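Next comes coords37.cif, a file with mmCIF, C-alpha atoms and all ligand atoms.
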```cif
data_input
#
loop_
_atom_site.label_atom_id
_atom_site.label_comp_id
_atom_site.auth_asym_id
_atom_site.auth_seq_id
_atom_site.Cartn_x
_atom_site.Cartn_y
_atom_site.Cartn_z
CA MET Q 1 -56.72 15.39 127.32
CA ASN Q 2 -59.98 16.64 128.71
CA ILE Q 3 -63.25 15.96 126.84
CA ASP Q 4 -66.54 17.46 127.99
CA VAL Q 5 -69.78 16.18 126.47
CA PHE Q 6 -72.95 18.25 126.82
CA THR Q 7 -75.94 15.94 126.60
CA LEU Q 8 -79.49 15.37 127.78
CA PHE Q 9 -78.55 11.76 128.55
CA PRO Q 10 -75.36 11.74 130.61
CA ASP Q 11 -76.10 8.21 131.94
CA TRP Q 12 -75.49 6.79 128.49
CA PHE Q 13 -71.78 7.40 129.02
CA ASP Q 14 -71.48 5.35 132.23
CA TRP Q 15 -71.04 2.15 130.23
CA PHE Q 16 -68.73 3.83 127.74
CA ARG Q 17 -66.44 5.20 130.45
CA GLY Q 18 -65.94 1.64 131.73
CA GLN Q 19 -64.61 0.31 128.41
CA ARG Q 20 -61.00 -0.74 128.77
CA HIS Q 21 -59.24 1.71 126.44
CA VAL Q 22 -61.35 4.59 127.72
CA ALA Q 23 -60.77 3.59 131.36
CA ASN Q 24 -57.03 3.22 130.61
CA ALA Q 25 -56.83 6.69 129.06
CA ILE Q 26 -58.67 8.13 132.06
CA ALA Q 27 -56.36 6.29 134.49
CA ALA Q 28 -53.42 7.76 132.57
CA GLY Q 29 -54.64 11.31 133.21
CA SER Q 30 -57.25 12.09 130.54
CA SER Q 31 -60.85 12.88 131.44
CA LEU Q 32 -64.28 12.37 129.93
CA SER Q 33 -66.96 14.41 131.69
CA CYS Q 34 -70.64 14.71 130.88
CA VAL Q 35 -72.66 17.82 131.57
CA ASP Q 36 -76.42 17.41 131.79
CA ILE Q 37 -77.86 20.24 129.69
CA ARG Q 38 -81.25 19.96 131.40
CA ALA Q 39 -79.73 20.44 134.85
CA HIS Q 40 -78.84 24.02 133.89
CA THR Q 41 -81.98 25.13 132.10
CA PRO Q 42 -83.32 28.51 133.23
CA LEU Q 43 -86.81 27.41 132.11
CA THR Q 44 -89.44 25.80 134.27
CA GLY Q 45 -90.24 22.09 134.24
CA GLY Q 46 -86.83 21.15 132.84
CA GLN Q 47 -87.72 22.57 129.43
CA VAL Q 48 -84.79 22.58 126.99
CA ASP Q 49 -86.40 22.85 123.55
CA ASP Q 50 -89.18 24.60 121.69
CA THR Q 51 -91.16 24.52 118.45
CA PRO Q 52 -89.38 25.78 115.32
CA TYR Q 53 -90.07 29.29 114.07
CA GLY Q 54 -91.63 29.03 110.64
CA GLY Q 55 -93.44 25.87 111.59
CA GLY Q 56 -92.64 22.24 110.95
CA ALA Q 57 -92.32 19.07 112.94
CA GLY Q 58 -90.16 18.46 115.98
CA MET Q 59 -88.53 20.47 118.70
CA VAL Q 60 -85.36 22.57 118.57
CA LEU Q 61 -82.75 22.80 121.35
CA ARG Q 62 -82.88 26.36 122.69
CA VAL Q 63 -79.94 28.75 122.51
CA ASP Q 64 -80.63 30.22 125.99
CA VAL Q 65 -80.55 26.71 127.49
CA MET Q 66 -77.23 25.85 125.87
CA ASP Q 67 -75.86 29.26 126.88
CA ALA Q 68 -76.83 28.55 130.49
CA ALA Q 69 -75.27 25.07 130.49
CA LEU Q 70 -71.97 26.21 128.93
CA SER Q 71 -71.78 29.33 131.13
CA ALA Q 72 -72.46 27.37 134.32
CA HIS Q 73 -69.84 24.76 133.51
CA TYR Q 74 -67.03 27.00 132.23
CA ARG Q 75 -67.83 30.22 134.15
CA VAL Q 76 -67.22 32.19 130.97
CA ASP Q 77 -69.42 33.58 128.21
CA PRO Q 78 -69.64 30.73 125.65
CA VAL Q 79 -69.03 33.27 122.90
CA GLN Q 80 -65.52 33.65 124.33
CA LEU Q 81 -65.10 29.97 125.22
CA ARG Q 82 -64.54 28.96 121.62
CA GLN Q 83 -61.47 31.16 121.48
CA ARG Q 84 -59.72 28.87 123.93
CA ARG Q 85 -61.02 25.39 123.10
CA ARG Q 86 -62.71 23.59 120.24
CA VAL Q 87 -66.45 23.47 120.83
CA ILE Q 88 -67.93 20.98 118.41
CA ALA Q 89 -71.61 20.63 117.54
CA LEU Q 90 -72.49 17.10 116.43
CA THR Q 91 -74.66 17.38 113.34
CA PRO Q 92 -75.43 15.03 110.42
CA SER Q 93 -74.27 17.69 107.96
CA GLY Q 94 -70.99 18.65 109.64
CA ARG Q 95 -67.37 17.99 108.63
CA LEU Q 96 -67.08 14.24 108.09
CA PHE Q 97 -65.22 12.52 110.90
CA ASP Q 98 -62.26 10.49 109.67
CA GLU Q 99 -58.83 9.40 110.88
CA GLU Q 100 -57.26 12.75 110.02
CA TYR Q 101 -59.93 14.57 112.03
CA ALA Q 102 -59.45 12.11 114.92
CA ASN Q 103 -55.67 12.73 114.87
CA GLU Q 104 -56.30 16.47 114.88
CA LEU Q 105 -58.58 16.24 117.93
CA ALA Q 106 -56.21 13.89 119.76
CA GLU Q 107 -53.60 16.69 119.61
CA GLU Q 108 -55.88 19.08 121.53
CA ARG Q 109 -55.59 19.54 125.27
CA GLU Q 110 -59.36 19.93 125.65
CA ILE Q 111 -62.47 19.73 123.51
CA THR Q 112 -66.21 20.10 124.04
CA LEU Q 113 -68.84 18.05 122.21
CA LEU Q 114 -72.46 19.22 122.04
CA CYS Q 115 -75.09 16.50 121.51
CA GLY Q 116 -78.33 17.54 119.86
CA ARG Q 117 -81.68 15.74 120.06
CA TYR Q 118 -85.03 16.07 118.35
CA GLU Q 119 -84.75 18.46 115.34
CA GLY Q 120 -81.29 19.57 116.44
CA PHE Q 121 -79.80 22.89 117.58
CA ASP Q 122 -81.09 26.41 117.27
CA GLU Q 123 -78.61 27.60 114.62
CA ARG Q 124 -77.36 30.38 116.90
CA ILE Q 125 -75.80 27.70 119.12
CA VAL Q 126 -73.66 26.60 116.18
CA GLU Q 127 -72.96 30.12 114.93
CA ARG Q 128 -72.15 31.77 118.25
CA PHE Q 129 -70.77 29.07 120.56
CA CYS Q 130 -69.12 26.50 118.31
CA THR Q 131 -65.86 26.32 116.42
CA GLU Q 132 -67.15 23.67 114.03
CA THR Q 133 -69.73 20.98 113.26
CA LEU Q 134 -68.87 17.28 113.03
CA SER Q 135 -70.76 14.43 111.38
CA ILE Q 136 -69.94 10.77 111.90
CA GLY Q 137 -71.62 9.89 108.60
CA ARG Q 138 -74.25 10.89 106.14
CA TYR Q 139 -77.20 9.41 108.00
CA VAL Q 140 -79.38 10.69 110.82
CA LEU Q 141 -79.25 9.34 114.36
CA ALA Q 142 -81.86 10.16 116.98
CA GLY Q 143 -79.31 12.07 119.04
CA GLY Q 144 -75.67 13.09 119.29
CA GLU Q 145 -74.74 10.69 122.11
CA LEU Q 146 -73.64 7.77 119.93
CA ALA Q 147 -71.83 10.19 117.64
CA ALA Q 148 -70.00 11.63 120.67
CA MET Q 149 -69.02 8.12 121.74
CA VAL Q 150 -67.69 7.37 118.26
CA VAL Q 151 -65.56 10.51 118.40
CA CYS Q 152 -64.37 9.80 121.95
CA ASP Q 153 -63.56 6.19 121.09
CA ALA Q 154 -61.51 7.07 118.01
CA VAL Q 155 -59.73 9.93 119.80
CA MET Q 156 -59.17 8.35 123.21
CA ARG Q 157 -57.58 5.18 121.83
CA LYS Q 158 -54.84 7.45 120.49
CA LEU Q 159 -54.06 8.87 123.92
CA PRO Q 160 -51.11 7.69 126.00
CA GLY Q 161 -51.86 4.54 127.99
CA ALA Q 162 -55.17 3.75 126.24
CA LEU Q 163 -54.08 0.64 124.37
CA GLY Q 164 -52.22 -2.29 125.85
CA HIS Q 165 -49.71 -2.25 122.99
CA GLU Q 166 -48.78 1.29 122.02
CA ASP Q 167 -47.74 -0.07 118.61
CA SER Q 168 -51.31 -1.15 117.81
CA ALA Q 169 -52.31 2.36 116.87
CA LEU Q 170 -49.18 3.07 114.83
CA GLU Q 171 -49.68 0.68 111.93
CA GLU Q 172 -53.39 0.40 111.27
CA SER Q 173 -55.92 1.52 108.70
CA TYR Q 174 -55.37 5.09 107.48
CA SER Q 175 -52.16 5.55 109.51
CA ALA Q 176 -49.08 7.25 108.10
CA ALA Q 177 -47.25 3.91 108.40
CA LEU Q 178 -49.60 2.51 105.75
CA GLU Q 179 -49.53 5.73 103.73
CA GLY Q 180 -53.17 6.40 104.60
CA ALA Q 181 -54.39 3.09 103.13
CA PRO Q 182 -56.58 0.47 104.86
CA GLU Q 183 -54.78 -2.14 106.91
CA TYR Q 184 -53.69 -5.48 105.39
CA PRO Q 185 -55.48 -8.72 106.37
CA HIS Q 186 -54.60 -10.60 109.55
CA TYR Q 187 -54.65 -14.35 110.25
CA THR Q 188 -54.08 -16.40 113.39
CA ARG Q 189 -54.15 -20.09 114.43
CA PRO Q 190 -55.21 -22.58 113.19
CA ALA Q 191 -53.13 -22.35 110.01
CA GLN Q 192 -55.66 -24.67 108.30
CA TYR Q 193 -59.38 -24.54 108.99
CA ARG Q 194 -61.99 -26.33 106.87
CA GLY Q 195 -59.45 -26.31 104.08
CA TRP Q 196 -58.96 -22.54 104.31
CA GLU Q 197 -55.28 -21.74 104.40
CA VAL Q 198 -53.25 -18.86 105.71
CA PRO Q 199 -51.07 -17.25 102.99
CA ASP Q 200 -47.70 -19.07 102.89
CA VAL Q 201 -45.70 -15.88 103.17
CA LEU Q 202 -47.04 -15.24 106.68
CA LEU Q 203 -45.75 -18.64 107.83
CA SER Q 204 -42.37 -18.19 106.14
CA GLY Q 205 -40.73 -16.22 108.96
CA HIS Q 206 -39.23 -13.97 106.25
CA HIS Q 207 -39.77 -10.48 107.69
CA GLU Q 208 -38.99 -8.48 104.57
CA GLN Q 209 -41.27 -10.60 102.38
CA ILE Q 210 -44.04 -10.33 104.98
CA ARG Q 211 -43.62 -6.57 105.12
CA ARG Q 212 -43.81 -6.32 101.31
CA TRP Q 213 -46.84 -8.63 101.15
CA ARG Q 214 -48.64 -6.56 103.77
CA MET Q 215 -47.93 -3.27 102.01
CA ALA Q 216 -49.15 -4.75 98.72
CA GLN Q 217 -52.36 -6.02 100.37
CA SER Q 218 -52.91 -2.66 101.98
CA ALA Q 219 -52.48 -0.88 98.62
CA ARG Q 220 -54.84 -3.42 97.00
CA ARG Q 221 -57.51 -2.65 99.58
CA GLN Q 222 -57.02 1.04 98.94
CA VAL Q 223 -57.80 0.55 95.27
CA HIS Q 224 -60.62 -1.82 96.19
CA ALA Q 225 -62.13 0.77 98.50
CA ALA Q 226 -62.05 3.24 95.63
CA GLY Q 227 -64.22 0.75 93.72
CA GLU Q 228 -61.61 -0.13 91.13
CA ILE Q 229 -61.29 -3.84 91.93
CA GLU Q 230 -64.16 -6.27 91.90
CA VAL Q 231 -65.22 -7.59 95.30
CA ASP Q 232 -63.71 -11.00 96.14
CA LYS Q 233 -66.74 -13.28 96.06
CA GLY Q 234 -64.97 -16.22 97.72
CA GLU Q 235 -65.37 -18.38 94.62
CA GLY Q 236 -62.79 -20.86 95.92
CA GLU Q 237 -65.27 -22.45 98.28
CA GLU Q 238 -67.93 -24.97 97.33
CA GLY Q 239 -71.45 -23.86 98.02
CA ALA Q 240 -70.07 -20.60 99.30
CA ARG Q 241 -72.35 -18.09 101.03
C1 LIG C 301 -82.57 13.68 114.71
S1 LIG C 301 -81.03 14.50 114.66
C2 LIG C 301 -81.45 16.03 113.93
C3 LIG C 301 -81.42 15.97 112.46
C4 LIG C 301 -81.62 17.31 111.80
N1 LIG C 301 -83.01 17.73 111.90
C5 LIG C 301 -81.24 17.20 110.34
O1 LIG C 301 -82.09 16.90 109.52
O2 LIG C 301 -80.04 17.38 110.04
C6 LIG C 301 -80.77 14.92 116.35
C7 LIG C 301 -79.32 15.10 116.74
O3 LIG C 301 -78.63 13.89 116.56
C8 LIG C 301 -77.25 14.15 116.30
N2 LIG C 301 -76.89 13.46 115.07
C9 LIG C 301 -77.72 12.77 114.26
N3 LIG C 301 -77.08 12.23 113.23
C10 LIG C 301 -75.78 12.56 113.37
C11 LIG C 301 -74.60 12.30 112.61
N4 LIG C 301 -74.64 11.58 111.50
N5 LIG C 301 -73.41 12.79 113.06
C12 LIG C 301 -73.36 13.53 114.19
N6 LIG C 301 -74.46 13.81 114.96
C13 LIG C 301 -75.64 13.35 114.55
C14 LIG C 301 -77.10 15.66 116.21
O4 LIG C 301 -76.58 16.14 117.42
C15 LIG C 301 -78.53 16.12 115.96
O5 LIG C 301 -78.74 17.42 116.46
#
```
This entry written out as structure tokens:
Amino acid sequence: MNIDVFTLFPDWFDWFRGQRHVANAIAAGSSLSCVDIRAHTPLTGGQVDDTPYGGGAGMVLRVDVMDAALSAHYRVDPVQLRQRRRVIALTPSGRLFDEEYANELAEEREITLLCGRYEGFDERIVERFCTETLSIGRYVLAGGELAAMVVCDAVMRKLPGALGHEDSALEESYSAALEGAPEYPHYTRPAQYRGWEVPDVLLSGHHEQIRRWRMAQSARRQVHAAGEIEVDKGEGEEGAR
């Protein structure tokens, strides 16, 4: 898979590219490239934004600047580009990013992510160059870079070679194996710690009972997440929390 991120801060991704699962996916043939929007601006002094028509605070990323950056990188009119690849504007109000959306993107051969800054994009960028808008949550970040990294992280860990154990991504929260529910709890050594015990069933070696316990826990968390079960307040422990 090939992911291109258009950003004013390409250096931010140097650290991200070095993270193991990302580096693994890249070594296995995927790519994560950053295009510096400012490097392609047709305006003087590296200008990329301007004041909003109609007044108001902040600066808006200009449509001619984004046009120049996309055209220079793909050598095609960006209006046509979106017919051959998904071009995704990162916005707080876009389609909410979730596991289903991540699975969908992981199936693509190539995608483009556009990171906004300041007040965001001139709307014509979204309307004319993009296939969609994506939000990583209903809150406002200072820029699209962290949102792009969230998307790349969730998508790239699904790519061949990204994870040490290919099975890790098969049975986890929101996967088909767990019928879309959150994952069950995990425990590891020591089996006893400060009087806190690991559930007996996990030490039983009885695979079918473990499987059933895990599915039940996963379903319980699903209900819990929907707000139908009271939060476990850890009442078993003296002087807890
Ligand atoms: C300060 S925000 C702009 C907010 C915009 N004025 C608004 O009220 O919706 C600057 C940029 O950060 C990115 N961004 C901020 N929050 C985001 C989120 N929750 N999901 C995806 N991108 C986000 C977008 O690229 C956005 O253009």
Given 12 Å and only C-alpha atoms and all ligand atoms, residues near ligand LIG 301 (chain C) as a CSV table (one decimal) with C-alpha atoms, keeping the file's coordinate frame:
```
chain,number,residue,atom,x,y,z
Q,5,VAL,CA,-69.8,16.2,126.5
Q,6,PHE,CA,-73.0,18.2,126.8
Q,7,THR,CA,-75.9,15.9,126.6
Q,8,LEU,CA,-79.5,15.4,127.8
Q,49,ASP,CA,-86.4,22.8,123.6
Q,52,PRO,CA,-89.4,25.8,115.3
Q,56,GLY,CA,-92.6,22.2,111.0
Q,57,ALA,CA,-92.3,19.1,112.9
Q,58,GLY,CA,-90.2,18.5,116.0
Q,59,MET,CA,-88.5,20.5,118.7
Q,60,VAL,CA,-85.4,22.6,118.6
Q,61,LEU,CA,-82.8,22.8,121.4
Q,62,ARG,CA,-82.9,26.4,122.7
Q,88,ILE,CA,-67.9,21.0,118.4
Q,89,ALA,CA,-71.6,20.6,117.5
Q,90,LEU,CA,-72.5,17.1,116.4
Q,91,THR,CA,-74.7,17.4,113.3
Q,92,PRO,CA,-75.4,15.0,110.4
Q,93,SER,CA,-74.3,17.7,108.0
Q,94,GLY,CA,-71.0,18.6,109.6
Q,95,ARG,CA,-67.4,18.0,108.6
Q,96,LEU,CA,-67.1,14.2,108.1
Q,97,PHE,CA,-65.2,12.5,110.9
Q,98,ASP,CA,-62.3,10.5,109.7
Q,113,LEU,CA,-68.8,18.0,122.2
Q,114,LEU,CA,-72.5,19.2,122.0
Q,115,CYS,CA,-75.1,16.5,121.5
Q,116,GLY,CA,-78.3,17.5,119.9
Q,117,ARG,CA,-81.7,15.7,120.1
Q,118,TYR,CA,-85.0,16.1,118.4
Q,119,GLU,CA,-84.8,18.5,115.3
Q,120,GLY,CA,-81.3,19.6,116.4
Q,121,PHE,CA,-79.8,22.9,117.6
Q,122,ASP,CA,-81.1,26.4,117.3
Q,123,GLU,CA,-78.6,27.6,114.6
Q,125,ILE,CA,-75.8,27.7,119.1
Q,126,VAL,CA,-73.7,26.6,116.2
Q,132,GLU,CA,-67.2,23.7,114.0
Q,133,THR,CA,-69.7,21.0,113.3
Q,134,LEU,CA,-68.9,17.3,113.0
Q,135,SER,CA,-70.8,14.4,111.4
Q,136,ILE,CA,-69.9,10.8,111.9
Q,137,GLY,CA,-71.6,9.9,108.6
Q,138,ARG,CA,-74.2,10.9,106.1
Q,139,TYR,CA,-77.2,9.4,108.0
Q,140,VAL,CA,-79.4,10.7,110.8
Q,141,LEU,CA,-79.2,9.3,114.4
Q,142,ALA,CA,-81.9,10.2,117.0
Q,143,GLY,CA,-79.3,12.1,119.0
Q,144,GLY,CA,-75.7,13.1,119.3
Q,145,GLU,CA,-74.7,10.7,122.1
Q,146,LEU,CA,-73.6,7.8,119.9
Q,147,ALA,CA,-71.8,10.2,117.6
Q,148,ALA,CA,-70.0,11.6,120.7
Q,149,MET,CA,-69.0,8.1,121.7
Q,150,VAL,CA,-67.7,7.4,118.3
Q,151,VAL,CA,-65.6,10.5,118.4
```
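Among the candidate residues Q:Thr41, Q:Asn2, Q:Ser30, Q:Thr112, the one lying nearest to Ala69 (chain Q) is Q:Thr41, with distances computed using all atoms listed in the file.
For the pair CA of Leu81 (chain Q) and CA of Pro160 (chain Q), the interatomic distance is 26.3 Å.
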Do you know which residues are at most 9 Å from Ala27 (chain Q) counting only C-alpha atoms, after dropping those on the same chain fewer than 5 positions away, and could you put them as an MDAnalysis selection string? chainID Q and resid 22 161:162
Shell of 12 Å around Gln222 (chain Q), all atoms listed in the file, local chain residues under 4 positions omitted, as a list in words: Ser173, Tyr174, Leu178, Glu179, Gly180, Ala181, Pro182, Glu183, Tyr184, Met215, Ala216, Gln217, Ser218, Ala226, Gly227, Glu228 and Ile229 of chain Q
Extract, using all atoms listed in the file, all DNA, RNA and protein residues at most 9 Å from Cys34 (chain Q), discarding same-chain residues fewer than 2 positions from it, and format them as JSON, numbers by chain. {"Q": [3, 4, 5, 6, 7, 9, 10, 11, 13, 32, 36]}
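A straight line drawn from CA of Cys152 (chain Q) to CA of Glu100 (chain Q) is 14.2 Å long.
Reported to one decimal place, the separation of CA of His224 (chain Q) from CA of Leu202 (chain Q) is 21.8 Å.
In this comparison, which uses only C-alpha atoms, the residue of Q:Ser33, Q:Cys130, Q:Leu203, Q:Glu172 approaching Pro190 (chain Q) most closely is Q:Leu203.
Restricting the calculation to all atoms listed in the file, the smallest distance between Ala169 (chain Q) and any of Q:Tyr74, Q:Arg212, Q:Asn103, Q:Ala219 is found for Q:Asn103.
Distance annotation: of Q:Arg211, Q:Gly29, Q:His186, Q:Thr51, the residue with the minimal separation from Pro199 (chain Q) is Q:His186; atom set is all atoms listed in the file.
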Selection as a VMD selection string: residues within 12 Å of (-46.0, -16.8, 99.9), counting all atoms listed in the file: chain Q and resid 197 to 214
